[in-house]
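Shown next, in structure tokens, is the structure this report addresses.
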Amino acid sequence: MIELDVNLVKEIVEKNDRLDGRKFDEYREVVIEPGIVSSAEGSARVKLGDTMLVAGVKMQIGEPFPDTPNEGVLIVSAELVPLASPEFESGPPGEQAIELARVVDRAIRESKCIDFKKLFIKEGKVWMVFVDIDVLDHDGNLIDAAGMAAAAALINARIPQIENDKAVSDKKGTEGLPLNGTPISTTFVKIGSNILVDPNLAEFKALDARLTVGTIDIGGKIKVCSMQKGGSSGFTVDEVEKILELAEKKGEELRKKVR
């Protein structure tokens, strides 16, 4: 991996250009492959430029949370595989992995795309949905790639059969998860006075501020369901309005690929 000077990246952006020649509002090529992990209830591999990761969905019967006794449970985790980047180390999840999982979790949870009440089995027993994300190649914008992979894996998932109050993982059913809409995360970075979508790794390292916007399509309308701010600088009101407008447009572009 070639390290580029942060100041050089900023100079290129200030000249209204990008390292790979994209427009400021243009995503890299997206390739989505659902159902690639046969042992999972649902899965998908996403390639976003040179960033690649896999999301898998596993389901098991467990106890609900005390404050939501009639609803299923969602747990999202992320692992940054050391082979994906020299920056990643083996061991317990670090700050970057925890943030990645939380942002993906928030977009899914706050979008209300899963009807958790339909994952209720009987008193004290509900379906637990585990979404595991593994980063295989890191060239920036892990959040959007992970969000697409998680959404595609949830769409691909089939609820396993139940025998003796236990889920039989090798006997997949035909019923999918109770989904309503597709949550999509779109990440924008501010470099100098410019706003860029889908930052590659070099652009991510040069950012002054980052804003990830989660959107969901419900009832023929696009709604904002989550936002996550990063970086040391801020955004003006006009910049946020521009980002929200772009998030709706770009979210629909990505949503069509996921669906």
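Every chain in the structure tokens takes a letter, A first, then B, and so on in the order presented; its residues are numbered from 1, and the ligands are numbered from 1 following the presented order.
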
Selection: 9 Å around A:Val104, only C-alpha atoms, excl. self and same-chain fewer than 4 positions, as a PyMOL selection string:
chain A and resi 76+99-100+108-109+143-144+146-147+150+185+214

Residues near A:Ala78, cut-off 7 Å, only C-alpha atoms, skip fewer than 4 positions along chain, as a ChimeraX atom specification
/A:97-98,100-101,132-134

Within 9 Å of stretch 25-32 of chain A, counting only C-alpha atoms, which residues show up once you throw out same-chain ones fewer than 3 positions away? Write them as a short mmCIF file (atom, residue, chain, number, x, y, z; two decimals) with N, CA and C atoms, in the first residue's frame, please.
data_model
loop_
_atom_site.label_atom_id
_atom_site.label_comp_id
_atom_site.auth_asym_id
_atom_site.auth_seq_id
_atom_site.Cartn_x
_atom_site.Cartn_y
_atom_site.Cartn_z
N ARG A 22 -12.39 10.51 -9.94
CA ARG A 22 -13.85 10.57 -9.76
C ARG A 22 -14.33 11.99 -9.51
N ALA A 44 -23.31 -11.90 2.40
CA ALA A 44 -23.04 -11.11 1.20
C ALA A 44 -21.60 -10.61 1.26
N ARG A 45 -20.99 -10.56 0.09
CA ARG A 45 -19.67 -9.95 -0.04
C ARG A 45 -19.83 -8.67 -0.85
N VAL A 46 -19.19 -7.60 -0.37
CA VAL A 46 -19.27 -6.32 -1.06
C VAL A 46 -17.86 -5.84 -1.40
N LYS A 47 -17.72 -5.42 -2.65
CA LYS A 47 -16.49 -4.76 -3.09
C LYS A 47 -16.85 -3.33 -3.44
N LEU A 48 -16.21 -2.39 -2.79
CA LEU A 48 -16.38 -0.96 -3.05
C LEU A 48 -15.02 -0.45 -3.47
N GLY A 49 -14.78 -0.37 -4.78
CA GLY A 49 -13.43 -0.09 -5.24
C GLY A 49 -12.53 -1.22 -4.80
N ASP A 50 -11.46 -0.88 -4.09
CA ASP A 50 -10.54 -1.90 -3.57
C ASP A 50 -10.82 -2.27 -2.12
N ALA A 145 -19.51 0.34 2.90
CA ALA A 145 -19.38 -1.03 2.40
C ALA A 145 -19.98 -2.03 3.38
N MET A 148 -23.84 -1.82 3.31
CA MET A 148 -24.41 -2.53 2.17
C MET A 148 -24.34 -4.03 2.35
N ALA A 149 -23.21 -4.52 2.87
CA ALA A 149 -23.06 -5.96 3.08
C ALA A 149 -24.05 -6.48 4.11
N ALA A 152 -27.58 -6.47 2.52
CA ALA A 152 -27.72 -7.55 1.55
C ALA A 152 -27.79 -8.91 2.24
N PHE A 188 -19.71 11.05 3.83
CA PHE A 188 -19.17 12.24 3.18
C PHE A 188 -18.03 12.78 4.04
N ILE A 195 -16.67 18.97 -0.25
CA ILE A 195 -17.36 17.80 0.28
C ILE A 195 -17.24 16.66 -0.73
N LEU A 196 -16.73 15.51 -0.28
CA LEU A 196 -16.54 14.35 -1.14
C LEU A 196 -17.33 13.17 -0.59
N VAL A 197 -17.89 12.38 -1.49
CA VAL A 197 -18.58 11.16 -1.09
C VAL A 197 -17.64 9.97 -1.28
N ASP A 198 -17.83 8.92 -0.49
CA ASP A 198 -17.07 7.67 -0.63
C ASP A 198 -15.56 7.91 -0.66
N PRO A 199 -14.98 8.35 0.46
CA PRO A 199 -13.53 8.60 0.48
C PRO A 199 -12.73 7.31 0.42
N ASN A 200 -11.70 7.29 -0.44
CA ASN A 200 -10.78 6.15 -0.37
C ASN A 200 -9.86 6.36 0.83
N LEU A 246 -27.64 15.00 -0.93
CA LEU A 246 -26.85 14.00 -1.64
C LEU A 246 -27.05 12.60 -1.05
N LYS A 250 -27.69 9.51 -3.39
CA LYS A 250 -26.68 8.45 -3.45
C LYS A 250 -27.16 7.19 -2.74
N LEU A 254 -27.22 3.27 -4.28
CA LEU A 254 -26.66 2.08 -3.62
C LEU A 254 -27.76 1.08 -3.28
N LYS A 257 -28.60 -1.34 -5.98
CA LYS A 257 -27.61 -2.41 -6.13
C LYS A 257 -27.81 -3.48 -5.07
N VAL A 258 -28.13 -3.05 -3.84
CA VAL A 258 -28.33 -4.01 -2.75
C VAL A 258 -29.58 -4.87 -3.02
#

Per DSSP on the backbone, what are the strand (DSSP E) residues of stretch 122-170 of chain A, as a count of residues only?
25

Could you give me the residues within stretch 67-229 of chain A that DSSP places in alpha helix (DSSP H), as a PyMOL selection string?
chain A and resi 95-111+142-156+201-205

Calculated over only C-alpha atoms, which of the candidates A:Ser193, A:Asp217, A:Glu253, A:Ala157 has the smallest distance to A:Asn16?
A:Ser193

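Atom CA of A:Ala55 is positioned 26.4 Å from atom CA of A:Glu163.
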
Neighbour list for A:Glu110 as a list in words, cut-off 7 Å, only C-alpha atoms, skip fewer than 2 positions in-chain:
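So, after excluding close chain neighbours, the residues are Arg106, Ala107, Ile108, Lys112, Cys225 and Ser226 of chain A.
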
Dump C-alpha atoms for the selected residues as a short mmCIF file (atom, residue, chain, number, x, y, z; two decimals), in the first residue's frame?
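Final file, result.cif:
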data_model
loop_
_atom_site.label_atom_id
_atom_site.label_comp_id
_atom_site.auth_asym_id
_atom_site.auth_seq_id
_atom_site.Cartn_x
_atom_site.Cartn_y
_atom_site.Cartn_z
CA ARG A 106 -27.56 2.20 14.44
CA ALA A 107 -28.59 2.52 10.79
CA ILE A 108 -30.35 -0.88 10.88
CA LYS A 112 -36.96 0.10 11.91
CA CYS A 225 -32.67 7.36 10.17
CA SER A 226 -29.18 7.97 11.57
#

Atom CA of A:Gly140 and atom CA of A:Met52, how far apart in Å?
9.7 Å

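Closest to A:Lys10 among A:Asp137, A:Asp208, A:Glu41, A:Asp165 is A:Asp208, based on only C-alpha atoms.
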
If you count only C-alpha atoms, which residues fall within 6 Å of stretch 114-125 of chain A, apart from same-chain ones fewer than 5 positions away, as a ChimeraX atom specification?
/A:62-63,70-72,178-179

Given only C-alpha atoms as the basis, pick out the residue of A:Ile159, A:Ile75, A:Val6, A:Ile184 nearest to A:Lys256.
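Using only C-alpha atoms, A:Lys256 sits closest to A:Ile184.
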
Name the residues in contact with A:Glu245 at a cut-off of 12 Å, using only C-alpha atoms, excluding same-chain residues fewer than 2 positions from it; report them as a ChimeraX atom specification.
/A:25,186,188,213,215,222-224,238-243,247-252

Take the residues from that selection and put them in a file with C-alpha atoms, as a compact mmCIF listing (two decimals), in the first residue's frame.
# COMPACT_ATOMS: atom_id res chain seq x y z
CA ASP A 25 -20.23 13.05 -5.70
CA THR A 186 -23.61 7.19 2.83
CA PHE A 188 -19.17 12.24 3.18
CA VAL A 213 -26.00 9.58 6.98
CA THR A 215 -31.42 6.54 5.05
CA ILE A 222 -36.73 8.30 1.74
CA LYS A 223 -36.20 9.13 5.40
CA VAL A 224 -33.06 9.90 7.38
CA ASP A 238 -25.39 24.78 4.26
CA GLU A 239 -22.92 21.89 4.06
CA VAL A 240 -25.17 19.66 6.15
CA GLU A 241 -28.15 20.50 3.95
CA LYS A 242 -26.10 19.67 0.85
CA ILE A 243 -25.00 16.37 2.40
CA ALA A 247 -27.44 11.23 0.93
CA GLU A 248 -30.95 10.73 -0.39
CA LYS A 249 -29.75 10.60 -4.00
CA LYS A 250 -26.68 8.45 -3.45
CA GLY A 251 -28.51 6.22 -0.98
CA GLU A 252 -31.02 5.32 -3.68

Shell of 9 Å around A:Ile155, only C-alpha atoms, local chain residues under 6 positions omitted, as a ChimeraX atom specification:
/A:34,42-43,176-177,179,182,258-259

Could you write out that same residue set with N, CA and C atoms as a PDB file, in the first residue's frame?
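File written: part26.pdb
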ATOM      1  N   PRO A  34     -24.445 -11.901  -3.012  1.00  0.00           N
ATOM      2  CA  PRO A  34     -25.177 -12.477  -1.870  1.00  0.00           C
ATOM      3  C   PRO A  34     -25.001 -13.986  -1.795  1.00  0.00           C
ATOM      4  N   GLY A  42     -27.645 -16.087   6.226  1.00  0.00           N
ATOM      5  CA  GLY A  42     -27.618 -15.122   5.135  1.00  0.00           C
ATOM      6  C   GLY A  42     -26.224 -14.528   5.055  1.00  0.00           C
ATOM      7  N   SER A  43     -25.803 -14.099   3.868  1.00  0.00           N
ATOM      8  CA  SER A  43     -24.464 -13.537   3.739  1.00  0.00           C
ATOM      9  C   SER A  43     -24.353 -12.714   2.468  1.00  0.00           C
ATOM     10  N   GLY A 176     -38.075 -15.538   4.940  1.00  0.00           N
ATOM     11  CA  GLY A 176     -37.051 -14.525   5.168  1.00  0.00           C
ATOM     12  C   GLY A 176     -37.344 -13.718   6.412  1.00  0.00           C
ATOM     13  N   LEU A 177     -36.430 -12.822   6.753  1.00  0.00           N
ATOM     14  CA  LEU A 177     -36.638 -11.945   7.897  1.00  0.00           C
ATOM     15  C   LEU A 177     -37.761 -10.945   7.596  1.00  0.00           C
ATOM     16  N   LEU A 179     -38.678  -7.819   6.937  1.00  0.00           N
ATOM     17  CA  LEU A 179     -38.003  -6.572   6.590  1.00  0.00           C
ATOM     18  C   LEU A 179     -38.951  -5.586   5.934  1.00  0.00           C
ATOM     19  N   THR A 182     -34.817  -0.855   2.975  1.00  0.00           N
ATOM     20  CA  THR A 182     -33.395  -1.210   2.979  1.00  0.00           C
ATOM     21  C   THR A 182     -32.582  -0.042   3.513  1.00  0.00           C
ATOM     22  N   VAL A 258     -28.129  -3.054  -3.839  1.00  0.00           N
ATOM     23  CA  VAL A 258     -28.335  -4.009  -2.752  1.00  0.00           C
ATOM     24  C   VAL A 258     -29.580  -4.867  -3.016  1.00  0.00           C
ATOM     25  N   ARG A 259     -30.634  -4.237  -3.481  1.00  0.00           N
ATOM     26  CA  ARG A 259     -31.893  -4.966  -3.714  1.00  0.00           C
ATOM     27  C   ARG A 259     -31.789  -5.923  -4.892  1.00  0.00           C
TER      28      ARG A 259
END

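What separates atom CA of A:Glu203 from atom CA of A:Gly21 is a distance of 12.6 Å.
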